[in-house]
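First comes the structure, then the notes that go with it.
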Amino acid sequence: GGAPPRLPDRPSGAALKAAALGIVEAWAATAPGVLAAVRATAPADCTGYPIVDRDAAPARPRGVAFVGDAAHPMAPFKAQGANQALIDGVALARELGATDLAPAALRRNRGVEAALDAYWAAMLPRAKTKVDASRRAAALLHSPAALVAAEGQTRAFAAGRAAAEGETRPAS
């Protein structure tokens, strides 16, 4: 239990392994395999990086389009970051492909700025739903409810059910 250890900005593999051990040692009764796996991991095999999560900026600079993490970084708890980046690329290409720079048959008599505005206006609400869902999943999966028995269900489903029922103790 307790808060995870505070790590330096660029922790070594040994510091990351020590932090992981500090977290999973409390799981020994319910997940001994996890503890054994962390203990057996070589520090050189440990890596870490910060997880960035923020709302998309409400406006974009003139002449600039952001896609993926540059537009809407999200925690990896709904597996949507790469998907949204790919969707952004397609959506941006479609908007730019209909500008006055496009072949005559595809043009919609509008400039690049109008296309960028249209892309941004469509991207923001789409990405916001994914950022919000990822943020909720990160909070849930880092809560005490995530330690309840999964009973053949996904960890997220079991944690969500436990949180809704007010159960936050690990299964014995």
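Each chain in the structure tokens gets a letter, A, B, ..., in the order shown, and its residues are numbered from 1; ligands are numbered from 1 in order too.
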If we count only C-alpha atoms, what is near A:Arg107 at a cut-off of 12 Å, once residues fewer than 3 positions away on the same chain are taken out, given as a list in words? Arg94, Glu95, Leu96, Gly97, Ala98, Thr99, Asp100, Leu101, Ala102, Pro103, Ala104, Arg110, Gly111, Val112 and Ala115 of chain A
DSSP on the backbone: what in stretch 26-117 of chain A comes out alpha helix (DSSP H), as an MDAnalysis selection string? chainID A and resid 32:40 81:96 112:117
Residue neighbourhood A:Gly48, 8 Å, only C-alpha atoms, exclusion window fewer than 2 positions, as a ChimeraX atom specification: /A:11,16,46,50
Using N, CA, C and O atoms, can you write the selected residues to a file as an mmCIF file, in the first residue's frame?
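Once written, selection-v2.cif looks like this:
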```cif
data_model
loop_
_atom_site.group_PDB
_atom_site.id
_atom_site.type_symbol
_atom_site.label_atom_id
_atom_site.label_comp_id
_atom_site.auth_asym_id
_atom_site.auth_seq_id
_atom_site.Cartn_x
_atom_site.Cartn_y
_atom_site.Cartn_z
ATOM 1 N N PRO A 11 15.229 7.945 -14.007
ATOM 2 C CA PRO A 11 15.643 6.876 -13.090
ATOM 3 C C PRO A 11 16.428 5.790 -13.803
ATOM 4 O O PRO A 11 16.199 5.488 -14.972
ATOM 5 N N LEU A 16 14.167 1.862 -11.008
ATOM 6 C CA LEU A 16 12.844 1.432 -11.480
ATOM 7 C C LEU A 16 12.486 0.065 -10.908
ATOM 8 O O LEU A 16 11.353 -0.169 -10.484
ATOM 9 N N CYS A 46 14.900 -2.877 -17.244
ATOM 10 C CA CYS A 46 13.855 -1.979 -16.740
ATOM 11 C C CYS A 46 13.973 -0.620 -17.417
ATOM 12 O O CYS A 46 15.065 -0.072 -17.545
ATOM 13 N N PRO A 50 7.654 9.079 -18.541
ATOM 14 C CA PRO A 50 6.446 9.692 -17.969
ATOM 15 C C PRO A 50 5.238 9.473 -18.876
ATOM 16 O O PRO A 50 5.365 9.396 -20.097
#
```
Tell me which protein, DNA and RNA residues are within 10 Å of stretch 125-132 of chain A, counting only C-alpha atoms, leaving out same-chain ones fewer than 5 positions away, and put them as a list in words. Asp53, Arg54, Asp55, Ala56, Gly68, Ala71, His72, Pro73, Met74, Ala75, Pro76, Phe77, Lys78, Ala79, Gln80, Gly81, Gln84, Ala85, Ile87, Asp88, Trp120, Ala137 and Ala138 of chain A
Output file for the residues above (N, CA, C and O atoms, as an mmCIF file, in the first residue's frame):
```cif
data_model
loop_
_atom_site.group_PDB
_atom_site.id
_atom_site.type_symbol
_atom_site.label_atom_id
_atom_site.label_comp_id
_atom_site.auth_asym_id
_atom_site.auth_seq_id
_atom_site.Cartn_x
_atom_site.Cartn_y
_atom_site.Cartn_z
ATOM 1 N N ASP A 53 -0.758 13.232 -20.016
ATOM 2 C CA ASP A 53 -2.199 13.282 -20.227
ATOM 3 C C ASP A 53 -2.614 14.741 -20.086
ATOM 4 O O ASP A 53 -2.323 15.375 -19.073
ATOM 5 N N ARG A 54 -3.224 15.276 -21.102
ATOM 6 C CA ARG A 54 -3.750 16.640 -20.998
ATOM 7 C C ARG A 54 -4.872 16.799 -22.014
ATOM 8 O O ARG A 54 -4.964 16.058 -22.990
ATOM 9 N N ASP A 55 -5.718 17.751 -21.758
ATOM 10 C CA ASP A 55 -6.774 18.059 -22.716
ATOM 11 C C ASP A 55 -6.151 18.673 -23.963
ATOM 12 O O ASP A 55 -5.106 19.321 -23.895
ATOM 13 N N ALA A 56 -6.792 18.474 -25.087
ATOM 14 C CA ALA A 56 -6.334 19.111 -26.315
ATOM 15 C C ALA A 56 -6.507 20.619 -26.185
ATOM 16 O O ALA A 56 -7.433 21.099 -25.528
ATOM 17 N N GLY A 68 -2.101 13.275 -33.329
ATOM 18 C CA GLY A 68 -1.623 12.336 -32.314
ATOM 19 C C GLY A 68 -1.315 13.003 -30.997
ATOM 20 O O GLY A 68 -2.036 13.891 -30.544
ATOM 21 N N ALA A 71 -1.417 16.712 -30.445
ATOM 22 C CA ALA A 71 -2.745 17.327 -30.341
ATOM 23 C C ALA A 71 -3.469 16.922 -29.073
ATOM 24 O O ALA A 71 -4.183 17.726 -28.478
ATOM 25 N N HIS A 72 -3.311 15.672 -28.657
ATOM 26 C CA HIS A 72 -4.109 15.156 -27.539
ATOM 27 C C HIS A 72 -3.416 13.970 -26.867
ATOM 28 O O HIS A 72 -3.859 12.829 -26.996
ATOM 29 N N PRO A 73 -2.330 14.230 -26.119
ATOM 30 C CA PRO A 73 -1.671 13.105 -25.445
ATOM 31 C C PRO A 73 -2.603 12.469 -24.428
ATOM 32 O O PRO A 73 -3.388 13.166 -23.785
ATOM 33 N N MET A 74 -2.553 11.157 -24.363
ATOM 34 C CA MET A 74 -3.415 10.463 -23.407
ATOM 35 C C MET A 74 -2.670 9.295 -22.796
ATOM 36 O O MET A 74 -1.762 8.729 -23.405
ATOM 37 N N ALA A 75 -3.058 8.963 -21.581
ATOM 38 C CA ALA A 75 -2.492 7.806 -20.909
ATOM 39 C C ALA A 75 -2.861 6.550 -21.708
ATOM 40 O O ALA A 75 -3.895 6.525 -22.380
ATOM 41 N N PRO A 76 -2.038 5.513 -21.649
ATOM 42 C CA PRO A 76 -2.264 4.337 -22.501
ATOM 43 C C PRO A 76 -3.274 3.330 -21.960
ATOM 44 O O PRO A 76 -3.173 2.153 -22.263
ATOM 45 N N PHE A 77 -4.264 3.773 -21.214
ATOM 46 C CA PHE A 77 -5.147 2.827 -20.548
ATOM 47 C C PHE A 77 -6.399 2.461 -21.331
ATOM 48 O O PHE A 77 -7.221 1.705 -20.841
ATOM 49 N N LYS A 78 -6.577 2.976 -22.505
ATOM 50 C CA LYS A 78 -7.674 2.548 -23.369
ATOM 51 C C LYS A 78 -7.135 2.141 -24.737
ATOM 52 O O LYS A 78 -7.897 1.869 -25.647
ATOM 53 N N ALA A 79 -5.822 2.132 -24.885
ATOM 54 C CA ALA A 79 -5.170 1.720 -26.134
ATOM 55 C C ALA A 79 -5.697 2.497 -27.322
ATOM 56 O O ALA A 79 -5.983 1.939 -28.369
ATOM 57 N N GLN A 80 -5.814 3.806 -27.172
ATOM 58 C CA GLN A 80 -6.373 4.623 -28.242
ATOM 59 C C GLN A 80 -5.399 5.648 -28.821
ATOM 60 O O GLN A 80 -5.706 6.288 -29.808
ATOM 61 N N GLY A 81 -4.242 5.844 -28.215
ATOM 62 C CA GLY A 81 -3.316 6.875 -28.683
ATOM 63 C C GLY A 81 -2.931 6.722 -30.146
ATOM 64 O O GLY A 81 -3.087 7.637 -30.946
ATOM 65 N N GLN A 84 -5.962 7.065 -32.528
ATOM 66 C CA GLN A 84 -6.384 8.445 -32.748
ATOM 67 C C GLN A 84 -5.397 9.183 -33.648
ATOM 68 O O GLN A 84 -5.801 10.002 -34.464
ATOM 69 N N ALA A 85 -4.118 8.898 -33.531
ATOM 70 C CA ALA A 85 -3.122 9.524 -34.404
ATOM 71 C C ALA A 85 -3.367 9.133 -35.857
ATOM 72 O O ALA A 85 -3.292 9.982 -36.762
ATOM 73 N N ILE A 87 -6.248 8.133 -37.172
ATOM 74 C CA ILE A 87 -7.496 8.795 -37.591
ATOM 75 C C ILE A 87 -7.233 10.266 -37.876
ATOM 76 O O ILE A 87 -7.750 10.823 -38.864
ATOM 77 N N ASP A 88 -6.422 10.907 -37.027
ATOM 78 C CA ASP A 88 -6.065 12.312 -37.264
ATOM 79 C C ASP A 88 -5.426 12.481 -38.633
ATOM 80 O O ASP A 88 -5.764 13.410 -39.379
ATOM 81 N N TRP A 120 -9.542 20.583 -37.187
ATOM 82 C CA TRP A 120 -9.432 20.830 -35.741
ATOM 83 C C TRP A 120 -10.799 20.728 -35.073
ATOM 84 O O TRP A 120 -10.932 20.129 -34.007
ATOM 85 N N ALA A 137 -10.034 5.376 -16.982
ATOM 86 C CA ALA A 137 -9.453 4.036 -16.838
ATOM 87 C C ALA A 137 -8.159 4.087 -16.036
ATOM 88 O O ALA A 137 -7.917 3.215 -15.199
ATOM 89 N N ALA A 138 -7.331 5.085 -16.254
ATOM 90 C CA ALA A 138 -6.083 5.212 -15.495
ATOM 91 C C ALA A 138 -6.382 5.391 -14.011
ATOM 92 O O ALA A 138 -5.745 4.757 -13.162
#
```
In Å, how far is it from atom CA of A:Gly160 to atom CA of A:Ala146?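 Computed distance, atom CA of A:Gly160 to atom CA of A:Ala146, equals 7.9 Å.
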Determine, counting only C-alpha atoms, which protein, DNA and RNA residues have an atom within 12 Å of an atom of A:Ala36; residues of the same chain fewer than 2 positions away are not included. Present the result as number ranges by chain. A: 20-21, 24-25, 27-29, 31-34, 38-41
Figure out the distance between atom CA of A:Val148 and atom CA of A:Glu165, please, to one decimal in Å. 11.5 Å
Residue contacts of A:Ala118 (9 Å, only C-alpha atoms) excluding same-chain residues fewer than 5 positions away, as a ChimeraX atom specification: /A:92,95,113,123
One number please: atom CA of A:Ala15 to atom CA of A:Leu35, in Å, one decimal. 16.1 Å
